[in-house]
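Chemist: Next up is a structure, given as C-alpha cells.
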2 protein chains.
Amino acid sequence: MKKLINDPATVLPDALAGFAAAHPGLAVDLTARVIARADRPGRPKVALVSGGGSGHEPLHAGFVGPGMLDAACPGEIFTSPVPDQVLTAIRTVEQGRGVLLVVKNYTGDVMNFRLAAELADEQGIEVRTVLVDDDVAVEDSTWTAGRRGTGATVLVEKAAGALAERGAGLDEVAALAARVNAASRSFAIALTAATVPAAGRPGFDLPEDAIEVGVGIHGEPGRRREPLRPARDLAAEVVDTILADHRALAAGDRLIALVNGLGATPLLELYLVFGEVHARLAGHGLEIARNLVGNYVTSLDMAGFSLTLAKADDELLDLWDAPVATPALHWS
Amino acid sequence: MKKLINDPATVLPDALAGFAAAHPGLAVDLTARVIARADRPGRPKVALVSGGGSGHEPLHAGFVGPGMLDAACPGEIFTSPVPDQVLTAIRTVEQGRGVLLVVKNYTGDVMNFRLAAELADEQGIEVRTVLVDDDVAVEDSTWTAGRRGTGATVLVEKAAGALAERGAGLDEVAALAARVNAASRSFAIALTAATVPAAGRPGFDLPEDAIEVGVGIHGEPGRRREPLRPARDLAAEVVDTILADHRALAAGDRLIALVNGLGATPLLELYLVFGEVHARLAGHGLEIARNLVGNYVTSLDMAGFSLTLAKADDELLDLWDAPVATPALHWS
C-alpha cells in the first residue's frame with residue numbers, strides 16, 4: 001500500500017487538520033469532527049447538513065459554504081458518522097427554521113442520521129431527511145436496502161442549498177431535494193479497486209484487463225466484470241443503462257450531467273469520457289445544459305468514473321446557476 | 001495499461017472534443033488545437049498565452065478565462081505544441097497591446113515558443129516570454145537546460161492574468177510574471193510512475209515500497225529513490241529542501257502554497273500533506289497566507305504530490321485574490 005499518510009489509524013484526524021488549515025474561512029471542530037460555515041447568513045435560513053464515510057472527498061466537507069451545505073460531518077473511512085456527531089452538526093448550524101439532512105442510502109448512514117434526527121426532535125429542532133438513492137446499478141447491495149446514493153448527492157446539495165439560501169421554508173427545501181434525487185440517475189465503472197488504509201490492500205481483486213461494471217463507491221460489486229473496452233463503448237453503455245431506467249426522459253429534454261472521477265483517474269480521461277457521453281446523449285436527442293467534469297464523489301484511489309444525469313427544468317437550472325462558494329464548487 | 005481512452009493515437013483530439021463540449025463558454029478550435037476566451041474583454045488588454053505538452057491537466061486549458069489566460073495550446077502528450085499552433089493562439093487573442101507567453105522550461109517548449117514569438121514579431125505583434133523554472137530538485141534534467149518548470153506556472157498565470165485584466169502594459173505584466181517565478185520554488189515526490197498511452201507501460205520502474213524524490217512532471221528522474229515514509233517526514237523534507245534553496249525567505253514572511261496532486265492521489269491525502277506542510281512551515285515561522293490543494297499540474301496517472309511555495313507581498317496577494325473565472329480556478 002502506497003499512500004501519503006502518517007498512520008492508517010489517524011488518516012481522518014490528520015486530513016481534517018489539513019482541511020482546517022487550508023480553509024480558514026470554515027469552522028472546523030476537530031474534536032467533534034464537524035465542518036460548518038463560519039459566516040452567519042444575513043437572516044435565519046433552513047440549515048443543510050450532510051455527512052457520511054470519509055474517502056469520498058471532496059464530498060461532503062468540500063461542499064460546505066454559502067449556497068450549499070451549512071455543515072458536514074465525516075465518519076471514519078467508508079464508515080458512517082455517529083449519531084452524536086450528526087447531532088452536533090445539526091445544533092451548530094440550526095437557526096430556528098429547521099434542518100434538512102442529506103443522507104446517502106447506506107444502512108449505517110440511514111440508521112445514524114435517523115437517530116440524530118430523533119435526538120434533535122427531542123430538543124425541539126425540526127428535521128427533515130432526503131435519502132439519496134440514484135445508483136441504478138443494483139437494486140439492493142452489500143451495504144444498502146434499495147439503491148445506493150452517489151453522484152446525485154452533489155446535485156441535491158447544490159439545488160437545495162440554493163433554495164435555502166433564498167429563504168425558502170423547510171418543507172419546500174425538503175420537497176425540492178427529493179425532487180432532484182428523483183430526477184437523477186447514476187452508474188459507475190471501476191478500472192481498479194480502492195485500498196482502505198486500515199485494510200492495507202485493494203478491496204477487491206480485478207485482473208489487469210478487467211473492469212467492474214456498476215461498481216459502488218465503497219467498491220461494492222456491480223453487475224458484472226468484463227474486459228476493458230474503448231471509452232466510447234463504456235460511455236454508450238453507461239448512458240443507455242441510465243436512460244433505460246429513467247422513464248421520465250424524452251428527446252428534447254435538458255440534463256445536468258456529472259462525469260465524476262473515482263479518485264485516481266486523470267482529468268484528461270474524464271474530459272474524453274465527457275465527450276463520448278455528450279455525443280451519445282445527442283444521439284438520443286438529449287441536451288446537456290450544465291455539466292461538471294472532475295473528482296466530486298470519489299472512492300479513495302479507485303480508478304474509473306461515474307455518470308450522473310438529472311432531468312433539468314428551468315427551476316433546477318436556475319438553482320444550479322445560483323452563486324456558490326465552497327472549497328469544491330465555486331461560482332458567482 | 002488501463003485507461004479511459006478510445007485509441008492511444010487519438011487521446012488528445014478526443015479529450016479536446018470533450019473539453020469543448022464541457023465548456024461552451026470557451027472558444028475551442030479543434031483543428032488548430034487552440035483554446036481561447038470567447039468573451040471579449042471590455043477594452044484591449046495584454047494577452048496571455050501558454051501551452052505545453054498534454055497530460056498535465058487542468059494545466060493549461062483549464063486556466064483559460066477572465067483573469068487568467070487568454071489562450072492555451074496543448075501539444076500531444078508530454079510533447080511541446082508546434083510553432084504554428086502557438087502562433088495561431090497568439091493571433092487569435094492579441095489585441096494590439098502585446099502578448100506574454102508563459103513557457104515552462106523544457107527544451108522543446110522553449111524552442112517552439114521562441115520560433116512562434118519570432119513569427120509573431122515578423123507580423124508586427126509584440127511578444128514577451130516568461131520562462132518558468134521553479135523546480136529545485138535538479139539543476140539540469142533529461143528534458144531541460146536549467147531547472148524544470150512546474151507548479152509556479154499556476155501562480156504566474158494567475159498573477160499576471162490579473163494584472164493584464166487591470167489594464168497594465170506588456171512590460172509591466174512581463175516583469176510581474178518574472179518576479180512571481182523568481183519568488184517561487186517547487187519540489188515533487190512520486191509514489192508511482194505515469195503511463196503515456198502511446199507507450200502502454202509506466203515511464204519508469206518503481207518498486208512497491210519505493211518513491212522517487214524530486215521527480216519531474218514527465219517522470220524525469222529526481223534526486224534519488226528511497227523507501228516510502230510517513231507523510232509528515234516527506235512534507236518536512238520537501239519544505240526544508242525548498243527553504244534551503246529559497247534564500248529570500250525569512251521568519252515572518254507570508255507564502256502562497258500549492259499542494260498539488262500528480263494525477264492519481266486522492267484529495268484526502270493531499271489535505272493530509274497540506275496539514276503537515278502547514279505545521280512544518282509554522283515551525284520555521286512562515287505563514288501560508290493563501291493556498292491551493294488539489295490537482296493543478298498533473299502527470300497523467302502518477303501518484304504523488306508537489307509543493308510550490310511563493311514568497312508573497314501585498315501586491316501578489318492582491319493579484320491572487322482578484323476575480324478569476326476559468327474551468328479550474330474560479331473565485332470572485
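Labels used: A, B, ... for chains in the order of the C-alpha cells, numbers from 1 for residues in each chain, and numbers from 1 for ligands as shown.
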Output the contact residues of chain B with respect to chain A at a cut-off of 8 Å, based on only C-alpha atoms, as a PyMOL selection string.
Modeler: chain B and resi 1-7+11+14-19+21-22+55+57-58+191+208-209+228+230-232+263-276+278+291-293+300-301+304+325+330-332
Chemist: I need the residues from that last selection saved to file as a compact mmCIF listing (two decimals), in the first residue's frame (with N, CA and C atoms), if you can.
Modeler:
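result_30.txt, freshly written:
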# COMPACT_ATOMS: atom_id res chain seq x y z
N MET B 1 -2.07 -1.71 -19.49
CA MET B 1 -2.48 -0.29 -19.37
C MET B 1 -4.00 -0.19 -19.30
N LYS B 2 -4.50 0.41 -18.20
CA LYS B 2 -5.94 0.59 -18.06
C LYS B 2 -6.26 2.07 -18.12
N LYS B 3 -6.84 2.50 -19.23
CA LYS B 3 -7.18 3.91 -19.37
C LYS B 3 -8.53 4.08 -20.04
N LEU B 4 -9.19 5.18 -19.70
CA LEU B 4 -10.47 5.52 -20.32
C LEU B 4 -10.18 6.28 -21.61
N ILE B 5 -9.80 5.56 -22.64
CA ILE B 5 -9.49 6.16 -23.93
C ILE B 5 -10.10 5.29 -25.02
N ASN B 6 -10.11 5.85 -26.25
CA ASN B 6 -10.56 5.06 -27.39
C ASN B 6 -9.40 4.38 -28.08
N ASP B 7 -8.32 5.15 -28.24
CA ASP B 7 -7.18 4.70 -29.03
C ASP B 7 -6.00 5.57 -28.59
N VAL B 11 -5.97 10.25 -28.24
CA VAL B 11 -6.32 10.73 -26.89
C VAL B 11 -6.51 12.24 -26.87
N ASP B 14 -9.65 13.51 -28.88
CA ASP B 14 -10.86 13.03 -28.21
C ASP B 14 -11.11 13.81 -26.92
N ALA B 15 -10.05 14.04 -26.16
CA ALA B 15 -10.21 14.77 -24.91
C ALA B 15 -10.54 16.24 -25.17
N LEU B 16 -9.92 16.81 -26.20
CA LEU B 16 -10.22 18.20 -26.55
C LEU B 16 -11.68 18.38 -26.95
N ALA B 17 -12.20 17.39 -27.67
CA ALA B 17 -13.62 17.46 -28.05
C ALA B 17 -14.49 17.45 -26.80
N GLY B 18 -14.13 16.65 -25.82
CA GLY B 18 -14.87 16.63 -24.57
C GLY B 18 -14.74 17.94 -23.82
N PHE B 19 -13.53 18.50 -23.81
CA PHE B 19 -13.32 19.79 -23.14
C PHE B 19 -14.18 20.87 -23.78
N ALA B 21 -16.97 20.47 -25.41
CA ALA B 21 -18.38 20.24 -25.09
C ALA B 21 -18.69 20.65 -23.65
N ALA B 22 -17.73 20.46 -22.77
CA ALA B 22 -17.95 20.77 -21.35
C ALA B 22 -17.90 22.27 -21.07
N GLY B 55 -1.35 16.06 -20.75
CA GLY B 55 -1.07 15.11 -19.69
C GLY B 55 -0.88 15.78 -18.34
N GLU B 57 -3.21 18.13 -17.15
CA GLU B 57 -4.48 18.80 -16.93
C GLU B 57 -4.79 18.96 -15.43
N PRO B 58 -5.40 20.09 -15.03
CA PRO B 58 -6.03 21.11 -15.88
C PRO B 58 -5.07 22.08 -16.58
N LEU B 191 4.93 8.51 -6.02
CA LEU B 191 4.72 7.17 -5.44
C LEU B 191 4.61 6.11 -6.53
N GLU B 208 7.58 -1.64 -5.19
CA GLU B 208 6.33 -1.49 -4.46
C GLU B 208 6.47 -0.61 -3.23
N ASP B 209 7.68 -0.56 -2.64
CA ASP B 209 7.83 0.23 -1.42
C ASP B 209 8.65 1.50 -1.63
N LEU B 228 9.23 4.43 0.99
CA LEU B 228 8.13 5.31 1.39
C LEU B 228 8.19 5.55 2.89
N PRO B 230 6.41 8.09 6.33
CA PRO B 230 5.17 8.79 6.68
C PRO B 230 5.10 10.17 6.01
N ALA B 231 3.87 10.60 5.74
CA ALA B 231 3.66 11.87 5.05
C ALA B 231 4.32 13.03 5.80
N ARG B 232 4.33 12.95 7.12
CA ARG B 232 4.94 14.03 7.92
C ARG B 232 6.41 14.18 7.57
N GLY B 263 -1.97 13.44 -10.11
CA GLY B 263 -2.97 12.86 -11.01
C GLY B 263 -3.77 11.74 -10.39
N ALA B 264 -3.13 10.89 -9.61
CA ALA B 264 -3.82 9.71 -9.08
C ALA B 264 -3.88 9.69 -7.56
N THR B 265 -3.54 10.80 -6.94
CA THR B 265 -3.55 10.84 -5.48
C THR B 265 -4.85 11.45 -4.96
N PRO B 266 -5.54 10.73 -4.07
CA PRO B 266 -6.82 11.22 -3.56
C PRO B 266 -6.68 12.56 -2.81
N LEU B 267 -7.74 13.34 -2.89
CA LEU B 267 -7.78 14.64 -2.23
C LEU B 267 -7.58 14.50 -0.72
N LEU B 268 -8.10 13.43 -0.14
CA LEU B 268 -7.91 13.17 1.30
C LEU B 268 -6.43 13.20 1.66
N GLU B 269 -5.61 12.56 0.85
CA GLU B 269 -4.17 12.53 1.12
C GLU B 269 -3.52 13.89 0.90
N LEU B 270 -4.00 14.62 -0.12
CA LEU B 270 -3.42 15.94 -0.37
C LEU B 270 -3.70 16.88 0.81
N TYR B 271 -4.91 16.80 1.37
CA TYR B 271 -5.21 17.63 2.55
C TYR B 271 -4.32 17.21 3.72
N LEU B 272 -4.11 15.93 3.86
CA LEU B 272 -3.24 15.45 4.93
C LEU B 272 -1.83 16.02 4.76
N VAL B 273 -1.32 15.98 3.53
CA VAL B 273 0.00 16.54 3.26
C VAL B 273 0.01 18.05 3.54
N PHE B 274 -1.07 18.73 3.13
CA PHE B 274 -1.11 20.18 3.37
C PHE B 274 -1.01 20.48 4.86
N GLY B 275 -1.69 19.68 5.68
CA GLY B 275 -1.61 19.88 7.13
C GLY B 275 -0.18 19.76 7.64
N GLU B 276 0.54 18.80 7.12
CA GLU B 276 1.93 18.60 7.55
C GLU B 276 2.83 19.73 7.04
N HIS B 278 1.84 22.79 6.39
CA HIS B 278 1.44 23.96 7.17
C HIS B 278 2.16 23.97 8.53
N ASN B 291 -3.69 29.44 -0.25
CA ASN B 291 -3.29 28.09 -0.63
C ASN B 291 -4.21 27.51 -1.69
N LEU B 292 -3.70 26.52 -2.36
CA LEU B 292 -4.50 25.65 -3.23
C LEU B 292 -4.14 24.22 -2.87
N VAL B 293 -5.14 23.36 -2.76
CA VAL B 293 -4.93 21.93 -2.51
C VAL B 293 -5.75 21.17 -3.54
N LEU B 300 -0.39 12.78 -15.82
CA LEU B 300 -1.27 11.66 -16.17
C LEU B 300 -1.72 10.95 -14.90
N ASP B 301 -1.39 9.66 -14.78
CA ASP B 301 -1.88 8.87 -13.65
C ASP B 301 -0.79 8.64 -12.60
N GLY B 304 1.36 10.86 -6.24
CA GLY B 304 2.36 11.66 -5.56
C GLY B 304 1.90 13.10 -5.45
N ALA B 325 -12.21 33.40 -13.52
CA ALA B 325 -13.33 32.55 -13.94
C ALA B 325 -12.86 31.62 -15.04
N HIS B 330 -11.72 29.41 -9.97
CA HIS B 330 -12.89 30.27 -10.10
C HIS B 330 -13.18 30.91 -8.75
N TRP B 331 -12.99 32.20 -8.67
CA TRP B 331 -13.49 32.89 -7.47
C TRP B 331 -13.78 34.33 -7.82
N SER B 332 -14.42 34.99 -6.89
CA SER B 332 -14.90 36.35 -7.19
C SER B 332 -14.67 37.26 -6.00
Chemist: Among range 63-225 of chain B, which residues does DSSP mark as strand (DSSP E) when it is run on the backbone? Keep the chain and numbering as in the structure and answer as a PyMOL selection string.
Modeler: chain B and resi 71-77+99-104+127-132+184-190+210-213+224-225
Chemist: Between B:Val238, B:Val93, B:Ala152, B:Leu100, which one has atoms that come closest to Val132 in chain B, using only C-alpha atoms?
Modeler: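 That would be B:Ala152, the residue with the smallest distance to Val132 in chain B.
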Chemist: One number please: CA of Thr150 in chain A to CA of Ala194 in chain A, in Å, one decimal.
Modeler: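 Between CA of Thr150 in chain A and CA of Ala194 in chain A the gap is 15.9 Å.
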Chemist: When you look at range 221-226 of chain A with a cut-off of 8 Å (counting only C-alpha atoms), what residues show up, excluding the ones that are within fewer than 5 positions of it in the same chain? I need them as a PyMOL selection string.
Modeler: chain A and resi 137-138+141-142+210-216
Chemist: Name the closest residue to Arg40 in chain A among the candidates A:Glu126, A:Glu139, A:Asp121, A:Glu165; distances are taken between atoms, counting only C-alpha atoms.
Modeler: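 Smallest distance to Arg40 in chain A is found for A:Glu165.
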Chemist: Identify, on the basis of only C-alpha atoms, every residue whose closest approach to Arg97 in chain B does not exceed 10 Å; exclude the query and any residue fewer than 3 positions from it along the same chain; express the result as a list in words.
Modeler: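 My list of contacting residues is Pro44, Lys45, Val46, Ala47, Glu94, Leu100, Ile125, Glu126, Val127, Gly167, Ala168, Gly169 and Leu170 of chain B.
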Chemist: Would you export the selected residues with C-alpha atoms as a compact mmCIF listing (two decimals), in the first residue's frame, please?
Modeler:
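Listed below is the output, out_13.txt:
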# COMPACT_ATOMS: atom_id res chain seq x y z
CA PRO B 44 -7.95 45.97 -25.31
CA LYS B 45 -5.57 44.25 -22.90
CA VAL B 46 -2.26 42.46 -22.91
CA ALA B 47 -2.95 38.87 -23.96
CA GLU B 94 -3.77 39.56 -29.43
CA LEU B 100 3.01 37.47 -22.89
CA ILE B 125 2.93 41.55 -32.82
CA GLU B 126 4.94 42.49 -29.77
CA VAL B 127 5.76 39.41 -27.68
CA GLY B 167 -5.03 47.13 -17.96
CA ALA B 168 -1.29 47.06 -17.25
CA GLY B 169 1.11 47.28 -20.19
CA LEU B 170 3.18 44.44 -21.63
Chemist: Give me, as a ChimeraX atom specification, all polymer residues having an atom no more than 8 Å from Ala174 in chain B, counting only C-alpha atoms and skipping those fewer than 4 positions away in the same chain.
Modeler: /B:100,128-130,160,170,178
Chemist: Between A:Gly261, A:Gly203, A:Gly252, A:Pro197, which has the minimum distance to Glu287 in chain A (counting only C-alpha atoms)?
Modeler: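 Closest residue, counting only C-alpha atoms: A:Gly252.
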Chemist: Please identify all polymer residues within 9 Å of range 104-120 of chain B, counting only C-alpha atoms, omitting same-chain residues fewer than 4 positions from it, and present them as a ChimeraX atom specification.
Modeler: /B:50-53,79-88,90-91,124-134,143-150,153
Chemist: Have a look at B:Glu220, B:Ala199, B:Cys73, B:Gly62 and name the one nearest to Thr31 in chain B; count only C-alpha atoms.
Modeler: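 Residue with the minimum atom-to-atom distance to Thr31 in chain B: B:Cys73.
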